[in-house]
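> The structure's right below; bear with me while I get my questions together.
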Amino acid sequence: MSDLTKGNSLKLIFFFTIPLLIGNLFQQLYNVSDTVVVGQTLGVKALAAVGATGSINFLIIGFAQGLTAGLAIITATRYGARDYRGVRRSFAASIIISLIMTVVLTVLSLTFVDPILKLMQTPASIFANARIFITTIFIGIFASMAFNLLSNIIRALGDSRTPLIFLVIGTIINVALELLFILVFHMGVAGAGWATVLSQVIASLLCVGYIVRSIPLLRIGKADFKMGFDELWQHFSTGMPMGFQLSIIAIGTMVMQAALNSLGTDSVAASTAASKVDQLCSLPMSSFGVTMATFAAQNFGAGKFQRIMEGVKKTLWLSGSFAVFAGAMVIFFGRPIVHLIIGDADEHVIQLSQTYFNIIGSTYLLLSVLFVIRNTLQGLGRRVLPTLAGVGELAMRVFAALFMVKAFGYAGAVSAEPLAWLGSCAILIPSWLRAVKQLRNLVRSQAVANGETVPADSEEAVDLADEDLPVKFES
């Protein structure tokens with residue numbers, strides 16, 4: 001376990017992020033290999049079928065990821081406050097809520113697969129394969145929920161290395177099973193789906209075994225499950241907004257996917273291939289964001305408010321610098337990777353992918369700010385505003401679908417992403433500036449409580465009662 005409340009903040013953030021980055025890299029490399037296997041063995045139409053379900057997948061699986069990340073924030077805050085009994089109760093509450101939501105998500109997703117695919121104008125040529133693939137993924141929602149919950153809880157205690165190991169193992173198994181199911185058993189796109197589900201089941205079991213064997217703090221018993229409504233509501237009201245936030249973003253992505261589908265199979269295939277490269281390049285920015293959620297939660301629980309502000313400032317510089325570098329790399333070197341993914345496909349698909357890279361790569365800096373600020377606010381327990389930022393993203397994607405696609409075609413569809421990032425940052429940045437004022441007030445309150453002299457400054461005081469932080473410093 002790692003205590004993020006002590007030591008050099010930048011060094012801790014960097015080394016906590018590295019396992020997250022490597023884990024995400026393996027996950028995305030799996031996605032790329034998944035795309036390569038499907039594209040090279042089953043053809044462009046099968047590739048487009050898998051790609052056309054990406055936003056639907058994100059709608060449901062993204063909710064599971066957001067929900068479990070929100071639940072783990074309470075665990076991290078209690079760990080930072082050295083409330084170890086509270087940590088166990090938090091884990092128990094998280095399990096209860098996750099089980100309930102798994103049942104709800106599975107029933108809803110399997111019930112509405114066909115209507116959603118039709119609503120998204122999925123081309124008839126790829127509809128059947130798209131339905132087969134996404135149905136398989138939805139049957140395995142329980143596995144995704146389990147692995148995300150267990151991984152996030154372990155990270156909440158400061159251990160980002162162990163979930164990485166299990167993710168790597170799961171990814172290797174995933175690729176091996178996919179090759180087996182598609183190339184040997186000829187299961188088609190269903191093979192890719194079942195490989196994903198089974199690998200997540202194995203990774204989840206590895207997490208359980210590790211917790212039982214190596215983390216006494218998380219060994220929960222019947223007594224930990226005996227809790228009142230207030231305990232469950234605290235977790236539910238923190239986890240659900242984060243789940244809804246990602247689902248709202250996913251709805252916007254589905255709107256754009258529908259618009260993209262209307263442009264034809266070439267456009268869908270180009271975005272499917274190019275987005276894999278984009279996801280690889282944006283991984284460090286995303287990983288820094290995940291780190292900041294745990295960093296902020298632990299330090300808020302420990303009452304180290306100045307440390308949170310310093311950590312955000314340093315991480316913005318670090319992530320922003322990478323964003324500029326990654327943007328240049330994806331613009332100049334993304335095209336050859338697309339060639340690797342789709343082989344000797346129509347040159348039109350390659351040209352469309354370059355358009356994707358030019359637009360997305362030039363706006364990575366905006367994305368780096370979004371990840372750091374949004375996750376920090378979530379780590380501080382902000383429930384509403386990050387969700388509103390998701391609404392901002394949705395609004396901008398709908399705008400792009402209704403107007404930009406008609407005006408600029410494929411380029412207009414791709415522009416939905418940077419427009420969504422802009423809409424989110426327009427809400428998040430003012431919220432962060434207000435949070436900074438409150439954190440400074442808490443620092444001054446601590447100084448007064450400790451009998452220290454508080455220097456006068458011109459900062460406007462903020463009424464703490466107006467804020468949505470999980471706890472208040474009491475002098």
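All residue names refer to the structure tokens as shown: chains lettered A, B, ... in order, residues numbered from 1 in each chain, ligands numbered from 1 in order.
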So that I can check the surroundings of Gly361 (chain A), please list as a ChimeraX atom specification every protein, DNA and RNA residue that reaches within 9 Å of it, counting only C-alpha atoms and ignoring chain neighbours fewer than 3 positions away.
/A:278,281,323-324,326-331,356-358,364-365
> Could the residues in this selection be saved with N, CA and C atoms as an mmCIF file, in the first residue's frame?

data_model
loop_
_atom_site.group_PDB
_atom_site.id
_atom_site.type_symbol
_atom_site.label_atom_id
_atom_site.label_comp_id
_atom_site.auth_asym_id
_atom_site.auth_seq_id
_atom_site.Cartn_x
_atom_site.Cartn_y
_atom_site.Cartn_z
ATOM 1 N N ASP A 278 -5.552 6.921 -31.295
ATOM 2 C CA ASP A 278 -5.865 8.063 -30.437
ATOM 3 C C ASP A 278 -5.909 7.641 -28.968
ATOM 4 N N CYS A 281 -2.445 7.223 -27.527
ATOM 5 C CA CYS A 281 -1.744 8.492 -27.306
ATOM 6 C C CYS A 281 -2.301 9.269 -26.112
ATOM 7 N N ALA A 323 0.862 16.201 -23.653
ATOM 8 C CA ALA A 323 -0.211 16.387 -24.626
ATOM 9 C C ALA A 323 0.313 17.020 -25.915
ATOM 10 N N VAL A 324 1.184 18.002 -25.773
ATOM 11 C CA VAL A 324 1.757 18.654 -26.960
ATOM 12 C C VAL A 324 2.588 17.654 -27.761
ATOM 13 N N ALA A 326 2.359 14.294 -27.704
ATOM 14 C CA ALA A 326 1.499 13.243 -28.251
ATOM 15 C C ALA A 326 0.726 13.741 -29.460
ATOM 16 N N GLY A 327 0.285 14.996 -29.412
ATOM 17 C CA GLY A 327 -0.438 15.557 -30.546
ATOM 18 C C GLY A 327 0.403 15.541 -31.813
ATOM 19 N N ALA A 328 1.672 15.926 -31.677
ATOM 20 C CA ALA A 328 2.568 15.920 -32.841
ATOM 21 C C ALA A 328 2.794 14.495 -33.345
ATOM 22 N N MET A 329 2.949 13.553 -32.431
ATOM 23 C CA MET A 329 3.211 12.175 -32.816
ATOM 24 C C MET A 329 2.030 11.563 -33.578
ATOM 25 N N VAL A 330 0.816 11.801 -33.091
ATOM 26 C CA VAL A 330 -0.343 11.188 -33.731
ATOM 27 C C VAL A 330 -0.595 11.789 -35.106
ATOM 28 N N ILE A 331 -0.295 13.067 -35.266
ATOM 29 C CA ILE A 331 -0.507 13.712 -36.563
ATOM 30 C C ILE A 331 0.483 13.196 -37.602
ATOM 31 N N TYR A 356 -8.915 12.503 -39.109
ATOM 32 C CA TYR A 356 -9.172 12.259 -37.683
ATOM 33 C C TYR A 356 -7.969 12.696 -36.853
ATOM 34 N N PHE A 357 -6.778 12.265 -37.250
ATOM 35 C CA PHE A 357 -5.567 12.581 -36.491
ATOM 36 C C PHE A 357 -5.295 14.084 -36.451
ATOM 37 N N ASN A 358 -5.482 14.769 -37.559
ATOM 38 C CA ASN A 358 -5.204 16.209 -37.624
ATOM 39 C C ASN A 358 -6.072 16.993 -36.646
ATOM 40 N N TYR A 364 -5.159 18.007 -28.065
ATOM 41 C CA TYR A 364 -4.870 17.173 -26.886
ATOM 42 C C TYR A 364 -4.638 17.992 -25.611
ATOM 43 N N LEU A 365 -4.094 19.182 -25.735
ATOM 44 C CA LEU A 365 -3.817 19.994 -24.545
ATOM 45 C C LEU A 365 -5.097 20.240 -23.749
#
> Provide the CA of Leu105 (chain A) to CA of Gly193 (chain A) distance in Å, to one decimal place.
17.4 Å
> Per residue of region 342-377 of chain A within 12 Å of region 65-73 of chain A, note the shortest atom pair and the distance in Å to one decimal, counting only C-alpha atoms, and order the rows by chain and increasing residue number, as a Markdown table.

| residue | atom | partner | partner_atom | distance |
| --- | --- | --- | --- | --- |
| A:Asn375 | CA | A:Ala69 | CA | 10.0 |
| A:Thr376 | CA | A:Ile73 | CA | 10.6 |
| A:Leu377 | CA | A:Ile73 | CA | 10.9 |
> Any idea what's packed within 10 Å of Ile13 (chain A), counting only C-alpha atoms, ignoring anything in its chain fewer than 5 positions away? Could you give it as JSON, numbers by chain?
{"A": [4, 8, 18, 288, 291, 292, 294, 295, 311, 312, 314, 315]}
> Next, the residues of the selection above should be written as a short mmCIF file (atom, residue, chain, number, x, y, z; two decimals), in the first residue's frame with all heavy atoms.

data_model
loop_
_atom_site.label_atom_id
_atom_site.label_comp_id
_atom_site.auth_asym_id
_atom_site.auth_seq_id
_atom_site.Cartn_x
_atom_site.Cartn_y
_atom_site.Cartn_z
N LEU A 4 -0.16 8.45 -0.11
CA LEU A 4 0.07 9.59 -0.99
C LEU A 4 0.02 10.92 -0.25
O LEU A 4 0.09 11.97 -0.88
CB LEU A 4 -0.98 9.60 -2.11
CG LEU A 4 -1.02 8.35 -3.01
CD1 LEU A 4 -2.09 8.51 -4.09
CD2 LEU A 4 0.34 8.09 -3.64
N ASN A 8 7.45 13.68 -1.54
CA ASN A 8 7.42 14.57 -2.71
C ASN A 8 6.19 14.26 -3.56
O ASN A 8 6.05 13.15 -4.09
CB ASN A 8 8.70 14.36 -3.53
CG ASN A 8 8.78 15.31 -4.71
OD1 ASN A 8 8.02 15.18 -5.66
ND2 ASN A 8 9.71 16.25 -4.62
N ILE A 18 2.60 5.52 -13.28
CA ILE A 18 3.29 4.60 -14.19
C ILE A 18 2.57 3.25 -14.29
O ILE A 18 2.29 2.77 -15.40
CB ILE A 18 4.76 4.41 -13.77
CG1 ILE A 18 5.55 5.71 -13.99
CG2 ILE A 18 5.40 3.28 -14.56
CD1 ILE A 18 5.55 6.19 -15.41
N PHE A 288 -2.89 10.11 -15.59
CA PHE A 288 -2.63 11.19 -14.63
C PHE A 288 -3.93 11.61 -13.95
O PHE A 288 -3.96 11.91 -12.74
CB PHE A 288 -2.00 12.40 -15.33
CG PHE A 288 -0.51 12.27 -15.52
CD1 PHE A 288 0.05 12.35 -16.78
CD2 PHE A 288 0.33 12.08 -14.44
CE1 PHE A 288 1.43 12.24 -16.96
CE2 PHE A 288 1.70 11.96 -14.61
CZ PHE A 288 2.25 12.04 -15.88
N THR A 291 -4.91 9.08 -11.28
CA THR A 291 -4.03 9.26 -10.12
C THR A 291 -4.50 10.42 -9.25
O THR A 291 -4.51 10.33 -8.02
CB THR A 291 -2.58 9.52 -10.59
OG1 THR A 291 -2.09 8.35 -11.24
CG2 THR A 291 -1.68 9.85 -9.40
N MET A 292 -4.90 11.51 -9.89
CA MET A 292 -5.28 12.71 -9.12
C MET A 292 -6.54 12.48 -8.30
O MET A 292 -6.72 13.12 -7.26
CB MET A 292 -5.46 13.90 -10.07
CG MET A 292 -4.15 14.43 -10.63
SD MET A 292 -2.91 14.73 -9.34
CE MET A 292 -3.72 16.00 -8.37
N THR A 294 -7.31 9.67 -6.65
CA THR A 294 -6.84 9.02 -5.42
C THR A 294 -5.99 9.98 -4.59
O THR A 294 -6.12 10.04 -3.36
CB THR A 294 -6.01 7.77 -5.76
OG1 THR A 294 -6.83 6.86 -6.52
CG2 THR A 294 -5.54 7.07 -4.49
N PHE A 295 -5.11 10.73 -5.25
CA PHE A 295 -4.24 11.69 -4.55
C PHE A 295 -5.08 12.72 -3.80
O PHE A 295 -4.83 13.01 -2.61
CB PHE A 295 -3.33 12.37 -5.56
CG PHE A 295 -2.39 13.40 -4.98
CD1 PHE A 295 -1.18 13.01 -4.43
CD2 PHE A 295 -2.73 14.74 -4.97
CE1 PHE A 295 -0.31 13.95 -3.89
CE2 PHE A 295 -1.88 15.69 -4.43
CZ PHE A 295 -0.66 15.29 -3.88
N GLY A 311 -0.19 19.59 -5.97
CA GLY A 311 -0.19 18.41 -6.82
C GLY A 311 -0.89 18.66 -8.15
O GLY A 311 -0.42 18.21 -9.20
N VAL A 312 -1.99 19.39 -8.11
CA VAL A 312 -2.71 19.71 -9.35
C VAL A 312 -1.86 20.57 -10.27
O VAL A 312 -1.77 20.32 -11.49
CB VAL A 312 -4.04 20.42 -9.02
CG1 VAL A 312 -4.68 20.99 -10.30
CG2 VAL A 312 -5.00 19.47 -8.34
N LYS A 314 1.43 20.87 -10.47
CA LYS A 314 2.55 20.10 -11.05
C LYS A 314 2.05 19.11 -12.10
O LYS A 314 2.69 18.91 -13.14
CB LYS A 314 3.30 19.38 -9.94
CG LYS A 314 4.03 20.31 -8.98
CD LYS A 314 4.65 19.55 -7.82
CE LYS A 314 5.37 20.49 -6.87
NZ LYS A 314 5.94 19.78 -5.69
N THR A 315 0.92 18.49 -11.83
CA THR A 315 0.40 17.49 -12.76
C THR A 315 -0.10 18.14 -14.04
O THR A 315 0.04 17.56 -15.13
CB THR A 315 -0.73 16.68 -12.10
OG1 THR A 315 -0.27 16.13 -10.86
CG2 THR A 315 -1.19 15.56 -13.01
#
> Would you mind listing what lies within 12 Å of Ile22 (chain A) as a ChimeraX atom specification, with only C-alpha atoms counted and same-chain residues fewer than 4 positions away left out?
/A:15-18,26-29,160-168,171,280,283-284,286-288
> One number please: CA of Ala401 (chain A) to CA of Met254 (chain A), in Å, one decimal.
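These two atoms are separated by 10.1 Å.
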> Would you please work out which residue, of A:Ser282, A:Ser94, A:Ser319, A:Asn152, is nearest to Gln234 (chain A) when using only C-alpha atoms?
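The answer is A:Ser94, which sits nearest to Gln234 (chain A).
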> Mind checking which residues fall within 10 Å of His339 (chain A), counting only C-alpha atoms, ignoring those fewer than 6 positions away in the same chain, and posting them as a VMD selection string?
chain A and resid 273 345 347 349 to 350 353
> Record the distance separating CA of Pro216 (chain A) and CA of Phe14 (chain A), expressed in Å with one decimal.
26.9 Å
> Of the residues A:Thr363, A:Ser151, A:Thr136, A:Thr77, which is the one nearest to Asn299 (chain A), using only C-alpha atoms?
A:Thr77
> Would you pick out the contacts of region 407-421 of chain A at 9 Å or less, using only C-alpha atoms, so that residues sharing its chain but fewer than 6 positions from it are not included, and give the list as a VMD selection string?
chain A and resid 249 252 to 253 256 to 257 259 to 260 263 267 271 352 355 to 356 359 to 360 363 to 364 366 to 367 370 390 392 to 401
> Hey, what's within 8 Å of Thr106 (chain A) if we count only C-alpha atoms and toss same-chain stuff fewer than 3 positions away? As a list in words, please?
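Counting only C-alpha atoms, the residues come to Thr102, Val103, Ser109, Leu110, Phe138, Ile139, Ile141 and Phe142 of chain A.
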> Where does DSSP see alpha helix (DSSP H) in region 61-264 of chain A, if you list the residues as a ChimeraX atom specification?
/A:61-80,84-111,113-119,124-139,141-156,161-179,189-214,222-225,229-261
> Using only C-alpha atoms for the distances, tell me which of A:Phe147, A:Phe112, A:Phe225, A:Phe181 is nearest to Ala92 (chain A).
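Among the listed residues, the smallest separation from Ala92 (chain A) belongs to A:Phe225.
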> Can you work out which one of A:Thr53, A:Thr75, A:Ser362, A:Asn441 has the shortest atom-to-atom distance to Leu218 (chain A), counting only C-alpha atoms?
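The closest residue to Leu218 (chain A) is A:Thr75.
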